[in-house]
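**Student:** So here's upload-v5.cif (mmCIF, C-alpha atoms).
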```
data_start
#
loop_
_atom_site.group_PDB
_atom_site.id
_atom_site.type_symbol
_atom_site.label_atom_id
_atom_site.label_comp_id
_atom_site.auth_asym_id
_atom_site.auth_seq_id
_atom_site.Cartn_x
_atom_site.Cartn_y
_atom_site.Cartn_z
ATOM 1 C CA MET V 1240 -22.451 -8.738 -12.053
ATOM 2 C CA ALA V 1241 -19.118 -9.085 -10.310
ATOM 3 C CA THR V 1242 -17.392 -12.141 -8.938
ATOM 4 C CA SER V 1243 -14.284 -10.043 -8.199
ATOM 5 C CA PHE V 1244 -14.265 -6.753 -6.330
ATOM 6 C CA GLN V 1245 -11.793 -4.120 -5.173
ATOM 7 C CA VAL V 1246 -12.034 -3.086 -1.518
ATOM 8 C CA GLY V 1247 -9.438 -0.365 -1.150
ATOM 9 C CA SER V 1248 -6.145 -2.056 -1.965
ATOM 10 C CA PHE V 1249 -7.629 -5.559 -1.558
ATOM 11 C CA THR V 1250 -8.940 -7.738 -4.364
ATOM 12 C CA VAL V 1251 -11.698 -10.104 -3.246
ATOM 13 C CA THR V 1252 -12.587 -12.904 -5.673
ATOM 14 C CA ALA V 1253 -15.380 -15.470 -5.477
ATOM 15 C CA LEU V 1254 -14.292 -18.997 -6.420
ATOM 16 C CA SER V 1255 -16.478 -22.066 -6.939
ATOM 17 C CA ASP V 1256 -15.452 -25.579 -5.966
ATOM 18 C CA GLY V 1257 -18.630 -27.191 -7.305
ATOM 19 C CA GLU V 1258 -22.235 -27.384 -6.210
ATOM 20 C CA SER V 1259 -24.668 -29.053 -3.852
ATOM 21 C CA HIS V 1260 -28.072 -30.544 -4.663
ATOM 22 C CA LEU V 1261 -30.424 -30.091 -1.734
ATOM 23 C CA PRO V 1262 -34.036 -31.254 -1.420
ATOM 24 C CA PRO V 1263 -36.642 -28.773 -0.162
ATOM 25 C CA LEU V 1264 -36.588 -30.230 3.344
ATOM 26 C CA PHE V 1265 -33.194 -28.536 3.806
ATOM 27 C CA TYR V 1266 -35.006 -25.175 3.891
ATOM 28 C CA PRO V 1267 -37.665 -25.236 6.624
ATOM 29 C CA GLY V 1268 -40.093 -22.370 6.109
ATOM 30 C CA LEU V 1269 -39.360 -21.879 2.395
ATOM 31 C CA ASP V 1270 -42.439 -22.336 0.213
ATOM 32 C CA PHE V 1271 -41.001 -23.855 -2.945
ATOM 33 C CA ASP V 1272 -44.460 -23.879 -4.555
ATOM 34 C CA ALA V 1273 -44.383 -20.076 -4.427
ATOM 35 C CA HIS V 1274 -40.933 -20.075 -6.061
ATOM 36 C CA PRO V 1275 -41.114 -22.901 -8.626
ATOM 37 C CA GLY V 1276 -37.984 -21.757 -10.454
ATOM 38 C CA LEU V 1277 -35.834 -22.724 -7.480
ATOM 39 C CA LEU V 1278 -36.126 -26.467 -8.029
ATOM 40 C CA HIS V 1279 -34.098 -28.302 -10.641
ATOM 41 C CA PRO V 1280 -35.924 -31.025 -12.635
ATOM 42 C CA ASP V 1281 -34.232 -33.587 -10.359
ATOM 43 C CA GLY V 1282 -36.310 -32.223 -7.448
ATOM 44 C CA THR V 1283 -33.431 -30.498 -5.644
ATOM 45 C CA HIS V 1284 -32.239 -26.932 -5.238
ATOM 46 C CA HIS V 1285 -28.799 -26.492 -6.805
ATOM 47 C CA ILE V 1286 -26.439 -24.108 -5.007
ATOM 48 C CA PRO V 1287 -22.776 -23.276 -5.608
ATOM 49 C CA THR V 1288 -20.073 -24.255 -3.162
ATOM 50 C CA GLY V 1289 -18.277 -20.958 -2.829
ATOM 51 C CA CYS V 1290 -14.925 -19.868 -1.443
ATOM 52 C CA PHE V 1291 -13.373 -16.396 -1.427
ATOM 53 C CA LEU V 1292 -9.840 -15.232 -2.138
ATOM 54 C CA ILE V 1293 -8.533 -12.072 -0.450
ATOM 55 C CA GLN V 1294 -5.343 -10.557 -1.883
ATOM 56 C CA GLY V 1295 -3.574 -7.428 -0.688
ATOM 57 C CA LYS V 1296 -1.193 -5.952 1.887
ATOM 58 C CA GLY V 1297 1.033 -9.016 1.738
ATOM 59 C CA LEU V 1298 -1.876 -11.366 2.401
ATOM 60 C CA THR V 1299 -3.284 -14.197 0.341
ATOM 61 C CA VAL V 1300 -6.225 -15.501 2.342
ATOM 62 C CA LEU V 1301 -8.644 -18.212 1.276
ATOM 63 C CA VAL V 1302 -11.987 -18.053 3.078
ATOM 64 C CA ASP V 1303 -13.492 -21.549 3.100
ATOM 65 C CA ALA V 1304 -12.135 -24.524 1.203
ATOM 66 C CA GLY V 1305 -15.014 -26.204 -0.596
ATOM 67 C CA THR V 1306 -15.978 -29.861 -0.725
ATOM 68 C CA GLY V 1307 -12.601 -31.073 -1.977
ATOM 69 C CA PRO V 1308 -11.621 -33.403 -4.826
ATOM 70 C CA SER V 1309 -14.546 -35.755 -4.507
ATOM 71 C CA ALA V 1310 -18.292 -36.132 -4.647
ATOM 72 C CA ILE V 1311 -20.452 -36.931 -1.629
ATOM 73 C CA ALA V 1312 -23.039 -39.569 -2.554
ATOM 74 C CA PHE V 1313 -26.703 -38.703 -2.108
ATOM 75 C CA PRO V 1314 -27.807 -40.695 0.968
ATOM 76 C CA GLU V 1315 -30.557 -43.201 0.218
ATOM 77 C CA THR V 1316 -32.265 -42.414 3.509
ATOM 78 C CA LEU V 1317 -32.355 -38.705 2.604
ATOM 79 C CA ALA V 1318 -33.788 -39.446 -0.835
ATOM 80 C CA ALA V 1319 -36.540 -41.490 0.797
ATOM 81 C CA ALA V 1320 -37.273 -38.800 3.394
ATOM 82 C CA ALA V 1321 -37.411 -36.173 0.637
ATOM 83 C CA GLY V 1322 -39.690 -38.303 -1.534
ATOM 84 C CA LEU V 1323 -37.235 -38.307 -4.441
ATOM 85 C CA ASP V 1324 -37.777 -41.247 -6.760
ATOM 86 C CA ALA V 1325 -34.652 -40.440 -8.779
ATOM 87 C CA ALA V 1326 -32.272 -38.458 -6.583
ATOM 88 C CA PRO V 1327 -29.080 -37.024 -8.070
ATOM 89 C CA PRO V 1328 -26.089 -39.352 -7.668
ATOM 90 C CA SER V 1329 -24.354 -36.847 -5.383
ATOM 91 C CA ILE V 1330 -25.525 -34.358 -2.804
ATOM 92 C CA ALA V 1331 -22.326 -32.356 -3.244
ATOM 93 C CA THR V 1332 -19.585 -32.285 -5.864
ATOM 94 C CA GLY V 1333 -16.214 -30.597 -5.562
ATOM 95 C CA GLY V 1334 -12.907 -30.415 -7.320
ATOM 96 C CA ALA V 1335 -12.974 -27.065 -9.118
ATOM 97 C CA LEU V 1336 -11.105 -24.922 -6.564
ATOM 98 C CA PRO V 1337 -7.502 -25.533 -7.747
ATOM 99 C CA GLU V 1338 -8.412 -24.500 -11.301
ATOM 100 C CA ALA V 1339 -10.273 -21.444 -9.985
ATOM 101 C CA LEU V 1340 -7.235 -20.443 -7.922
ATOM 102 C CA ALA V 1341 -4.971 -20.892 -10.936
ATOM 103 C CA ALA V 1342 -7.262 -18.663 -13.009
ATOM 104 C CA ALA V 1343 -6.750 -15.992 -10.328
ATOM 105 C CA GLY V 1344 -2.978 -16.440 -10.621
ATOM 106 C CA VAL V 1345 -2.625 -18.198 -7.267
ATOM 107 C CA THR V 1346 -0.934 -21.504 -6.420
ATOM 108 C CA PRO V 1347 -1.536 -23.514 -3.236
ATOM 109 C CA GLN V 1348 1.931 -22.393 -2.068
ATOM 110 C CA ASP V 1349 0.852 -18.748 -2.303
ATOM 111 C CA VAL V 1350 -1.953 -19.067 0.257
ATOM 112 C CA SER V 1351 -0.807 -17.717 3.625
ATOM 113 C CA THR V 1352 -4.021 -18.312 5.606
ATOM 114 C CA VAL V 1353 -7.068 -20.499 5.144
ATOM 115 C CA PHE V 1354 -9.909 -19.143 7.242
ATOM 116 C CA LEU V 1355 -12.847 -21.502 7.731
ATOM 117 C CA THR V 1356 -16.166 -19.835 8.529
ATOM 118 C CA HIS V 1357 -17.228 -23.171 10.025
ATOM 119 C CA LEU V 1358 -16.399 -26.871 9.854
ATOM 120 C CA HIS V 1359 -19.099 -28.399 7.655
ATOM 121 C CA ALA V 1360 -17.805 -30.752 4.952
ATOM 122 C CA ASP V 1361 -18.567 -28.379 2.061
ATOM 123 C CA HIS V 1362 -16.323 -25.707 3.607
ATOM 124 C CA VAL V 1363 -13.204 -27.670 4.602
ATOM 125 C CA GLY V 1364 -12.582 -30.159 1.793
ATOM 126 C CA TRP V 1365 -9.351 -28.770 0.347
ATOM 127 C CA VAL V 1366 -7.695 -28.146 3.742
ATOM 128 C CA ALA V 1367 -6.212 -31.663 3.738
ATOM 129 C CA PRO V 1368 -7.748 -34.053 1.190
ATOM 130 C CA GLY V 1369 -7.243 -37.598 2.385
ATOM 131 C CA GLY V 1370 -5.572 -36.129 5.464
ATOM 132 C CA ASN V 1371 -2.743 -34.423 3.507
ATOM 133 C CA PRO V 1372 -2.508 -30.598 3.676
ATOM 134 C CA PHE V 1373 -3.113 -28.998 0.272
ATOM 135 C CA PHE V 1374 -1.834 -25.511 1.134
ATOM 136 C CA PRO V 1375 1.727 -26.204 2.325
ATOM 137 C CA LYS V 1376 2.493 -22.763 3.780
ATOM 138 C CA ALA V 1377 -0.941 -21.848 5.147
ATOM 139 C CA GLU V 1378 -2.152 -21.580 8.700
ATOM 140 C CA VAL V 1379 -5.720 -22.890 8.984
ATOM 141 C CA VAL V 1380 -7.871 -20.784 11.316
ATOM 142 C CA TYR V 1381 -11.330 -21.815 12.541
ATOM 143 C CA GLY V 1382 -13.823 -21.297 15.350
ATOM 144 C CA ALA V 1383 -12.762 -23.515 18.243
ATOM 145 C CA ALA V 1384 -16.318 -24.377 19.309
ATOM 146 C CA ASP V 1385 -16.908 -26.260 16.050
ATOM 147 C CA TRP V 1386 -14.337 -28.938 16.844
ATOM 148 C CA ASP V 1387 -16.191 -30.378 19.824
ATOM 149 C CA ALA V 1388 -19.573 -29.873 18.179
ATOM 150 C CA LEU V 1389 -18.834 -31.226 14.693
ATOM 151 C CA ILE V 1390 -15.495 -32.999 14.384
ATOM 152 C CA ALA V 1391 -14.953 -34.890 17.652
ATOM 153 C CA PRO V 1392 -18.354 -36.675 17.601
ATOM 154 C CA ALA V 1393 -18.259 -37.466 13.857
ATOM 155 C CA PRO V 1394 -17.612 -41.042 12.706
ATOM 156 C CA ALA V 1395 -14.055 -41.853 11.637
ATOM 157 C CA GLU V 1396 -15.055 -41.976 7.959
ATOM 158 C CA ASP V 1397 -16.678 -38.520 8.012
ATOM 159 C CA PRO V 1398 -15.048 -36.368 5.284
ATOM 160 C CA ALA V 1399 -14.735 -33.267 7.475
ATOM 161 C CA ARG V 1400 -13.195 -35.264 10.319
ATOM 162 C CA ILE V 1401 -10.598 -36.857 8.006
ATOM 163 C CA VAL V 1402 -9.640 -33.450 6.631
ATOM 164 C CA MET V 1403 -9.443 -31.653 9.953
ATOM 165 C CA GLU V 1404 -7.611 -34.448 11.778
ATOM 166 C CA GLY V 1405 -5.080 -34.525 8.932
ATOM 167 C CA ALA V 1406 -4.541 -30.793 9.324
ATOM 168 C CA SER V 1407 -4.238 -31.213 13.093
ATOM 169 C CA ALA V 1408 -1.596 -33.914 12.691
ATOM 170 C CA ALA V 1409 0.331 -31.595 10.373
ATOM 171 C CA GLY V 1410 0.319 -28.867 13.041
ATOM 172 C CA VAL V 1411 -1.267 -26.185 10.839
ATOM 173 C CA LEU V 1412 -4.452 -25.478 12.804
ATOM 174 C CA ARG V 1413 -5.172 -22.373 14.878
ATOM 175 C CA PRO V 1414 -8.509 -22.477 16.740
ATOM 176 C CA VAL V 1415 -9.930 -19.107 17.791
ATOM 177 C CA ASP V 1416 -12.755 -18.131 20.117
ATOM 178 C CA ALA V 1417 -12.603 -14.341 20.528
ATOM 179 C CA PRO V 1418 -15.569 -12.214 19.392
ATOM 180 C CA VAL V 1419 -13.280 -10.501 16.854
ATOM 181 C CA VAL V 1420 -10.137 -12.075 15.409
ATOM 182 C CA GLU V 1421 -7.552 -10.280 13.281
ATOM 183 C CA ILE V 1422 -6.552 -12.317 10.247
ATOM 184 C CA GLY V 1423 -4.290 -9.556 8.943
ATOM 185 C CA PRO V 1424 -4.258 -5.767 8.514
ATOM 186 C CA GLY V 1425 -7.760 -4.785 7.399
ATOM 187 C CA VAL V 1426 -9.146 -8.344 7.566
ATOM 188 C CA THR V 1427 -11.053 -9.484 10.650
ATOM 189 C CA ALA V 1428 -13.329 -12.374 11.562
ATOM 190 C CA HIS V 1429 -16.443 -11.829 13.689
ATOM 191 C CA HIS V 1430 -18.147 -14.564 15.715
ATOM 192 C CA THR V 1431 -21.721 -15.160 14.497
ATOM 193 C CA PRO V 1432 -22.914 -18.356 16.201
ATOM 194 C CA GLY V 1433 -26.086 -20.177 15.285
ATOM 195 C CA HIS V 1434 -25.509 -22.091 12.079
ATOM 196 C CA THR V 1435 -22.699 -23.688 14.055
ATOM 197 C CA PRO V 1436 -21.417 -22.677 17.494
ATOM 198 C CA GLY V 1437 -18.064 -21.581 16.065
ATOM 199 C CA HIS V 1438 -19.339 -19.817 12.941
ATOM 200 C CA TYR V 1439 -17.526 -16.618 11.908
ATOM 201 C CA ILE V 1440 -18.003 -14.085 9.134
ATOM 202 C CA VAL V 1441 -15.128 -12.106 7.600
ATOM 203 C CA ARG V 1442 -14.887 -8.318 7.190
ATOM 204 C CA ILE V 1443 -12.472 -6.620 4.796
ATOM 205 C CA SER V 1444 -11.941 -2.891 5.300
ATOM 206 C CA ASP V 1445 -9.575 -0.501 3.548
ATOM 207 C CA GLY V 1446 -9.630 3.019 2.166
ATOM 208 C CA GLY V 1447 -13.116 3.756 3.496
ATOM 209 C CA GLN V 1448 -14.580 0.693 1.749
ATOM 210 C CA GLU V 1449 -15.679 -2.592 3.244
ATOM 211 C CA ALA V 1450 -16.879 -6.035 2.269
ATOM 212 C CA TYR V 1451 -18.388 -8.883 4.270
ATOM 213 C CA LEU V 1452 -18.136 -12.595 3.552
ATOM 214 C CA LEU V 1453 -21.055 -14.194 5.326
ATOM 215 C CA GLY V 1454 -20.277 -17.903 5.134
ATOM 216 C CA ASP V 1455 -23.533 -19.665 6.017
ATOM 217 C CA ALA V 1456 -24.883 -16.938 8.304
ATOM 218 C CA VAL V 1457 -27.178 -16.193 5.365
ATOM 219 C CA HIS V 1458 -27.797 -19.395 3.485
ATOM 220 C CA HIS V 1459 -30.425 -18.355 0.946
ATOM 221 C CA PRO V 1460 -31.236 -14.977 -0.670
ATOM 222 C CA LEU V 1461 -34.907 -15.253 0.347
ATOM 223 C CA GLN V 1462 -33.886 -15.062 4.024
ATOM 224 C CA LEU V 1463 -33.372 -11.334 3.469
ATOM 225 C CA ASN V 1464 -37.084 -10.646 3.914
ATOM 226 C CA ASP V 1465 -38.443 -13.893 5.324
ATOM 227 C CA PRO V 1466 -37.203 -14.719 8.836
ATOM 228 C CA ARG V 1467 -39.264 -17.925 8.794
ATOM 229 C CA ILE V 1468 -36.747 -19.595 6.462
ATOM 230 C CA SER V 1469 -34.036 -21.540 8.256
ATOM 231 C CA PHE V 1470 -31.637 -24.290 7.223
ATOM 232 C CA LEU V 1471 -31.751 -27.945 8.189
ATOM 233 C CA SER V 1472 -28.185 -28.071 9.511
ATOM 234 C CA ASP V 1473 -28.480 -24.963 11.692
ATOM 235 C CA ALA V 1474 -27.236 -26.149 15.078
ATOM 236 C CA ASP V 1475 -29.299 -23.448 16.805
ATOM 237 C CA ALA V 1476 -32.049 -22.086 14.563
ATOM 238 C CA GLU V 1477 -32.954 -19.270 16.977
ATOM 239 C CA GLY V 1478 -29.316 -18.286 17.375
ATOM 240 C CA ALA V 1479 -28.812 -18.407 13.601
ATOM 241 C CA LEU V 1480 -31.828 -16.141 13.098
ATOM 242 C CA LYS V 1481 -30.539 -13.666 15.694
ATOM 243 C CA SER V 1482 -27.082 -13.507 14.086
ATOM 244 C CA ARG V 1483 -28.592 -13.237 10.603
ATOM 245 C CA GLU V 1484 -31.043 -10.460 11.444
ATOM 246 C CA GLU V 1485 -28.363 -8.434 13.234
ATOM 247 C CA LEU V 1486 -26.104 -8.739 10.193
ATOM 248 C CA LEU V 1487 -28.809 -7.855 7.685
ATOM 249 C CA ALA V 1488 -29.939 -4.852 9.717
ATOM 250 C CA ARG V 1489 -26.337 -3.610 9.954
ATOM 251 C CA LEU V 1490 -25.689 -4.011 6.221
ATOM 252 C CA THR V 1491 -28.984 -2.680 4.868
ATOM 253 C CA GLY V 1492 -28.513 0.629 3.096
ATOM 254 C CA SER V 1493 -24.738 0.607 3.528
ATOM 255 C CA ASP V 1494 -22.173 0.592 0.735
ATOM 256 C CA ALA V 1495 -20.714 -2.674 2.004
ATOM 257 C CA VAL V 1496 -20.196 -5.377 -0.600
ATOM 258 C CA ILE V 1497 -21.485 -8.801 0.449
ATOM 259 C CA GLY V 1498 -20.399 -12.299 -0.573
ATOM 260 C CA MET V 1499 -22.260 -15.474 0.395
ATOM 261 C CA ASP V 1500 -20.892 -18.977 -0.096
ATOM 262 C CA HIS V 1501 -24.116 -20.273 -1.628
ATOM 263 C CA PHE V 1502 -25.498 -17.204 -3.407
ATOM 264 C CA PRO V 1503 -26.528 -17.900 -7.047
ATOM 265 C CA GLU V 1504 -23.475 -17.610 -9.319
ATOM 266 C CA LEU V 1505 -21.547 -16.126 -6.368
ATOM 267 C CA HIS V 1506 -22.197 -12.550 -7.506
ATOM 268 C CA PHE V 1507 -21.308 -9.847 -4.988
ATOM 269 C CA GLN V 1508 -24.290 -7.922 -3.635
ATOM 270 C CA ARG V 1509 -25.390 -4.918 -1.627
ATOM 271 C CA ILE V 1510 -28.609 -4.634 0.389
ATOM 272 C CA THR V 1511 -30.714 -1.670 -0.655
ATOM 273 C CA LEU V 1512 -33.836 -0.357 1.025
ATOM 274 C CA GLY V 1513 -36.773 0.794 -1.072
ATOM 275 C CA ALA V 1514 -40.539 1.216 -0.947
ATOM 276 C CA LYS V 1515 -40.996 -2.566 -1.069
ATOM 277 C CA GLY V 1516 -38.418 -3.235 1.651
ATOM 278 C CA ARG V 1517 -34.979 -4.756 1.476
ATOM 279 C CA ALA V 1518 -33.561 -6.067 -1.781
ATOM 280 C CA TRP V 1519 -30.355 -7.633 -3.044
ATOM 281 C CA THR V 1520 -28.676 -5.403 -5.610
ATOM 282 C CA ASP V 1521 -25.751 -6.487 -7.759
ATOM 283 C CA ALA V 1522 -22.583 -4.746 -6.602
#
```
So, in terms of structure tokens, how does the structure I just supplied come out?

**Tutor:**
Amino acid sequence: MATSFQVGSFTVTALSDGESHLPPLFYPGLDFDAHPGLLHPDGTHHIPTGCFLIQGKGLTVLVDAGTGPSAIAFPETLAAAAGLDAAPPSIATGGALPEALAAAGVTPQDVSTVFLTHLHADHVGWVAPGGNPFFPKAEVVYGAADWDALIAPAPAEDPARIVMEGASAAGVLRPVDAPVVEIGPGVTAHHTPGHTPGHYIVRISDGGQEAYLLGDAVHHPLQLNDPRISFLSDADAEGALKSREELLARLTGSDAVIGMDHFPELHFQRITLGAKGRAWTDA
């Protein structure tokens, strides 16, 4: 079960920055009673906070930047709404990305582009922790629509706002809004709105092979065959479903390798089609 994959001359590596602990109410439409193994004893669903490293053709691209070097406390109001008597101390923990990059032989100075699939706090944390850019030579590219939707209206103490405003002050941001954006030769981003208005996925193509990094367009493996399952922070649940179903239909039965930021253990997958319908298959 791979967390690193060759796509032509590119190496694509899944990296974890930590994990999030989400109560069932984050997954409208998911019947946790029918899938009891999904819940941790603390009453939450534990998911990794994934990022992806793309290396090849003179590029070192980081797709998404984790939660950052901190933990986000579990909100008391959320614990009450979720009926958790003893919620975990944090809803999200980060901090592992630098070590994961080092294990892949990459320093922050090596990263030429940070591409953000969207601007939620668990995807931007290492862009500029405390407002200070972490990748000194990297351009930070993101979907322009997310700034007005997520960053501008956020309170001053919001972690994502602090990070993104720090990057803005440093002059390293490049907002994009085209349907398809070239990140580099063989690496393109494709607009897939719904989870957020500026959400993008990333396609890597070389030598007749391709891989897709889906960000939060697909948030849970069970969404493959159950369109009723959405996610609490989808800005537009209908739009997210439309983008997701179009992606899944396109990828089903293909040889494309798929990475999802919150897939268990961040293993790369393919979507196969059999007598019982679509299934995730380890790549």

**Student:** Between V:Leu1461, V:Ala1417, V:Gly1334, V:Ser1351, which residue has the minimum interatomic distance to V:Phe1271, considering all atoms listed in the file?

**Tutor:** V:Leu1461

**Student:** Atom CA of V:Leu1512 and atom CA of V:Asp1494, how far apart in Å?

**Tutor:**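 Spanning atom CA of V:Asp1494 to atom CA of V:Leu1512 is a straight-line distance of 11.7 Å.
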
**Student:** Up to 10 Å from (-35.6, -21.8, 9.8) in the file's coordinates: name the residues, counting only C-alpha atoms, as a count of residues only.

**Tutor:** 20

**Student:** Carefully work through the PyMOL selection byres ((chain V and resi 1431) around 8) for this structure and note down the residues it includes, as a list of chain:residue names.

**Tutor:**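 Applied to this file, the PyMOL selection byres ((chain V and resi 1431) around 8) selects V:His1429, V:His1430, V:Pro1432, V:Gly1433, V:Gly1437, V:His1438, V:Tyr1439, V:Ile1440, V:Ala1456, V:Ala1479, V:Ser1482.
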
**Student:** Generate the output file for the selected residues, C-alpha atoms, as an mmCIF file, keeping the file's coordinate frame.

**Tutor:**
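Done, and the output landed in selection36.cif:
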```cif
data_model
loop_
_atom_site.group_PDB
_atom_site.id
_atom_site.type_symbol
_atom_site.label_atom_id
_atom_site.label_comp_id
_atom_site.auth_asym_id
_atom_site.auth_seq_id
_atom_site.Cartn_x
_atom_site.Cartn_y
_atom_site.Cartn_z
ATOM 1 C CA HIS V 1429 -16.443 -11.829 13.689
ATOM 2 C CA HIS V 1430 -18.147 -14.564 15.715
ATOM 3 C CA PRO V 1432 -22.914 -18.356 16.201
ATOM 4 C CA GLY V 1433 -26.086 -20.177 15.285
ATOM 5 C CA GLY V 1437 -18.064 -21.581 16.065
ATOM 6 C CA HIS V 1438 -19.339 -19.817 12.941
ATOM 7 C CA TYR V 1439 -17.526 -16.618 11.908
ATOM 8 C CA ILE V 1440 -18.003 -14.085 9.134
ATOM 9 C CA ALA V 1456 -24.883 -16.938 8.304
ATOM 10 C CA ALA V 1479 -28.812 -18.407 13.601
ATOM 11 C CA SER V 1482 -27.082 -13.507 14.086
#
```

**Student:** Name the residues that the PyMOL selection byres ((chain V and resi 1290) around 7) picks from the file above, as a PDB file with C-alpha atoms, keeping the file's coordinate frame, using the file's chain letters and numbers.

**Tutor:**
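result_5.pdb written:
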```
ATOM      1  CA  ALA V1253     -15.380 -15.470  -5.477  1.00  0.00           C
ATOM      2  CA  LEU V1254     -14.292 -18.997  -6.420  1.00  0.00           C
ATOM      3  CA  SER V1255     -16.478 -22.066  -6.939  1.00  0.00           C
ATOM      4  CA  THR V1288     -20.073 -24.255  -3.162  1.00  0.00           C
ATOM      5  CA  GLY V1289     -18.277 -20.958  -2.829  1.00  0.00           C
ATOM      6  CA  PHE V1291     -13.373 -16.396  -1.427  1.00  0.00           C
ATOM      7  CA  LEU V1292      -9.840 -15.232  -2.138  1.00  0.00           C
ATOM      8  CA  VAL V1302     -11.987 -18.053   3.078  1.00  0.00           C
ATOM      9  CA  ASP V1303     -13.492 -21.549   3.100  1.00  0.00           C
ATOM     10  CA  ALA V1304     -12.135 -24.524   1.203  1.00  0.00           C
ATOM     11  CA  GLY V1305     -15.014 -26.204  -0.596  1.00  0.00           C
ATOM     12  CA  ASP V1500     -20.892 -18.977  -0.096  1.00  0.00           C
TER      13      ASP V1500
END
```

**Student:** Choose the residue, out of V:Gly1492, V:Gly1344, V:Gly1405, V:Pro1392, that has the smallest atom-to-atom separation from V:Gly1370; count all atoms listed in the file.

**Tutor:**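 Nearest candidate to V:Gly1370 out of V:Gly1492, V:Gly1344, V:Gly1405, V:Pro1392: V:Gly1405.
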
**Student:** Find the residue from V:Ile1390, V:Ala1339, V:Val1345, V:Val1415 that sits nearest to V:Ala1360; use only C-alpha atoms when measuring.

**Tutor:**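 Closest to V:Ala1360 of all the choices is V:Ile1390.
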
**Student:** Please determine, counting only C-alpha atoms, which residue among V:Ala1388, V:Leu1301, V:Val1411, V:Val1246 has the shortest atom-to-atom distance to V:Ile1443.

**Tutor:**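 Of V:Ala1388, V:Leu1301, V:Val1411, V:Val1246, the one nearest V:Ile1443 is V:Val1246, counting only C-alpha atoms.
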
**Student:** Just how far from atom CA of V:Phe1502 is atom CA of V:Ile1330, in Å to one decimal?

**Tutor:**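 Computing the Euclidean distance for atom CA of V:Ile1330 and atom CA of V:Phe1502 yields 17.2 Å.
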
**Student:** Any chance you could work out the residue set of the PyMOL selection byres ((chain V and resi 1501) around 9) here, as a ChimeraX atom specification?

**Tutor:** /V:1258,1286-1289,1454-1455,1457-1460,1498-1500,1502-1505

**Student:** Using all atoms listed in the file, pick whichever of V:Ala1518, V:Leu1261, V:Val1300, V:Val1366 has the shortest atom-to-atom distance to V:Pro1327.

**Tutor:**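 Among the listed residues, the smallest separation from V:Pro1327 belongs to V:Leu1261.
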
**Student:** To one decimal place in Å, what is the distance between atom CA of V:Gly1333 and atom CA of V:Val1363?

**Tutor:**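 Between atom CA of V:Gly1333 and atom CA of V:Val1363 the gap is 11.0 Å.
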
**Student:** List the spatial neighbours of V:Pro1280 as a list in words - criterion: any atom at most 12 Å away, all atoms listed in the file, same-chain residues fewer than 2 positions off excluded.

**Tutor:**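 Near V:Pro1280, the qualifying residues are His1260, Pro1262, Pro1275, Gly1276, Leu1277, Leu1278, Gly1282, Thr1283, His1284, His1285, Leu1323, Asp1324, Ala1325, Ala1326 and Pro1327 of chain V.
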
**Student:** Restricting the calculation to all atoms listed in the file, which member of V:Tyr1451, V:Tyr1381, V:Phe1507, V:Phe1244 is positioned closest to V:Pro1436?

**Tutor:**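 Checking each candidate against V:Pro1436, we get V:Tyr1381 as the closest.
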
**Student:** Counting only C-alpha atoms, find residues at most 8 Å from (-21.4, -34.5, -7.7) (file frame) and give them as a list in words.

**Tutor:**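 Protein, DNA and RNA residues close to (-21.4, -34.5, -7.7): Gly1257, Glu1258, Ser1259, Ser1309, Ala1310, Ile1311, Ala1312, Pro1328, Ser1329, Ile1330, Ala1331, Thr1332 and Gly1333 of chain V.
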
**Student:** If we count only C-alpha atoms and set the cut-off at 9 Å, which residues sit around stretch 1394-1404 of chain V, ignoring sequence neighbours fewer than 4 positions away in its own chain? Please answer as number ranges by chain.

**Tutor:** V: 1306, 1311, 1358-1372, 1386, 1389-1390, 1408-1409, 1412

**Student:** Those same residues - C-alpha atoms - I'd like them written as a PDB file, in the frame of the given file.

**Tutor:**
```
ATOM      1  CA  THR V1306     -15.978 -29.861  -0.725  1.00  0.00           C
ATOM      2  CA  ILE V1311     -20.452 -36.931  -1.629  1.00  0.00           C
ATOM      3  CA  LEU V1358     -16.399 -26.871   9.854  1.00  0.00           C
ATOM      4  CA  HIS V1359     -19.099 -28.399   7.655  1.00  0.00           C
ATOM      5  CA  ALA V1360     -17.805 -30.752   4.952  1.00  0.00           C
ATOM      6  CA  ASP V1361     -18.567 -28.379   2.061  1.00  0.00           C
ATOM      7  CA  HIS V1362     -16.323 -25.707   3.607  1.00  0.00           C
ATOM      8  CA  VAL V1363     -13.204 -27.670   4.602  1.00  0.00           C
ATOM      9  CA  GLY V1364     -12.582 -30.159   1.793  1.00  0.00           C
ATOM     10  CA  TRP V1365      -9.351 -28.770   0.347  1.00  0.00           C
ATOM     11  CA  VAL V1366      -7.695 -28.146   3.742  1.00  0.00           C
ATOM     12  CA  ALA V1367      -6.212 -31.663   3.738  1.00  0.00           C
ATOM     13  CA  PRO V1368      -7.748 -34.053   1.190  1.00  0.00           C
ATOM     14  CA  GLY V1369      -7.243 -37.598   2.385  1.00  0.00           C
ATOM     15  CA  GLY V1370      -5.572 -36.129   5.464  1.00  0.00           C
ATOM     16  CA  ASN V1371      -2.743 -34.423   3.507  1.00  0.00           C
ATOM     17  CA  PRO V1372      -2.508 -30.598   3.676  1.00  0.00           C
ATOM     18  CA  TRP V1386     -14.337 -28.938  16.844  1.00  0.00           C
ATOM     19  CA  LEU V1389     -18.834 -31.226  14.693  1.00  0.00           C
ATOM     20  CA  ILE V1390     -15.495 -32.999  14.384  1.00  0.00           C
ATOM     21  CA  ALA V1408      -1.596 -33.914  12.691  1.00  0.00           C
ATOM     22  CA  ALA V1409       0.331 -31.595  10.373  1.00  0.00           C
ATOM     23  CA  LEU V1412      -4.452 -25.478  12.804  1.00  0.00           C
TER      24      LEU V1412
END
```
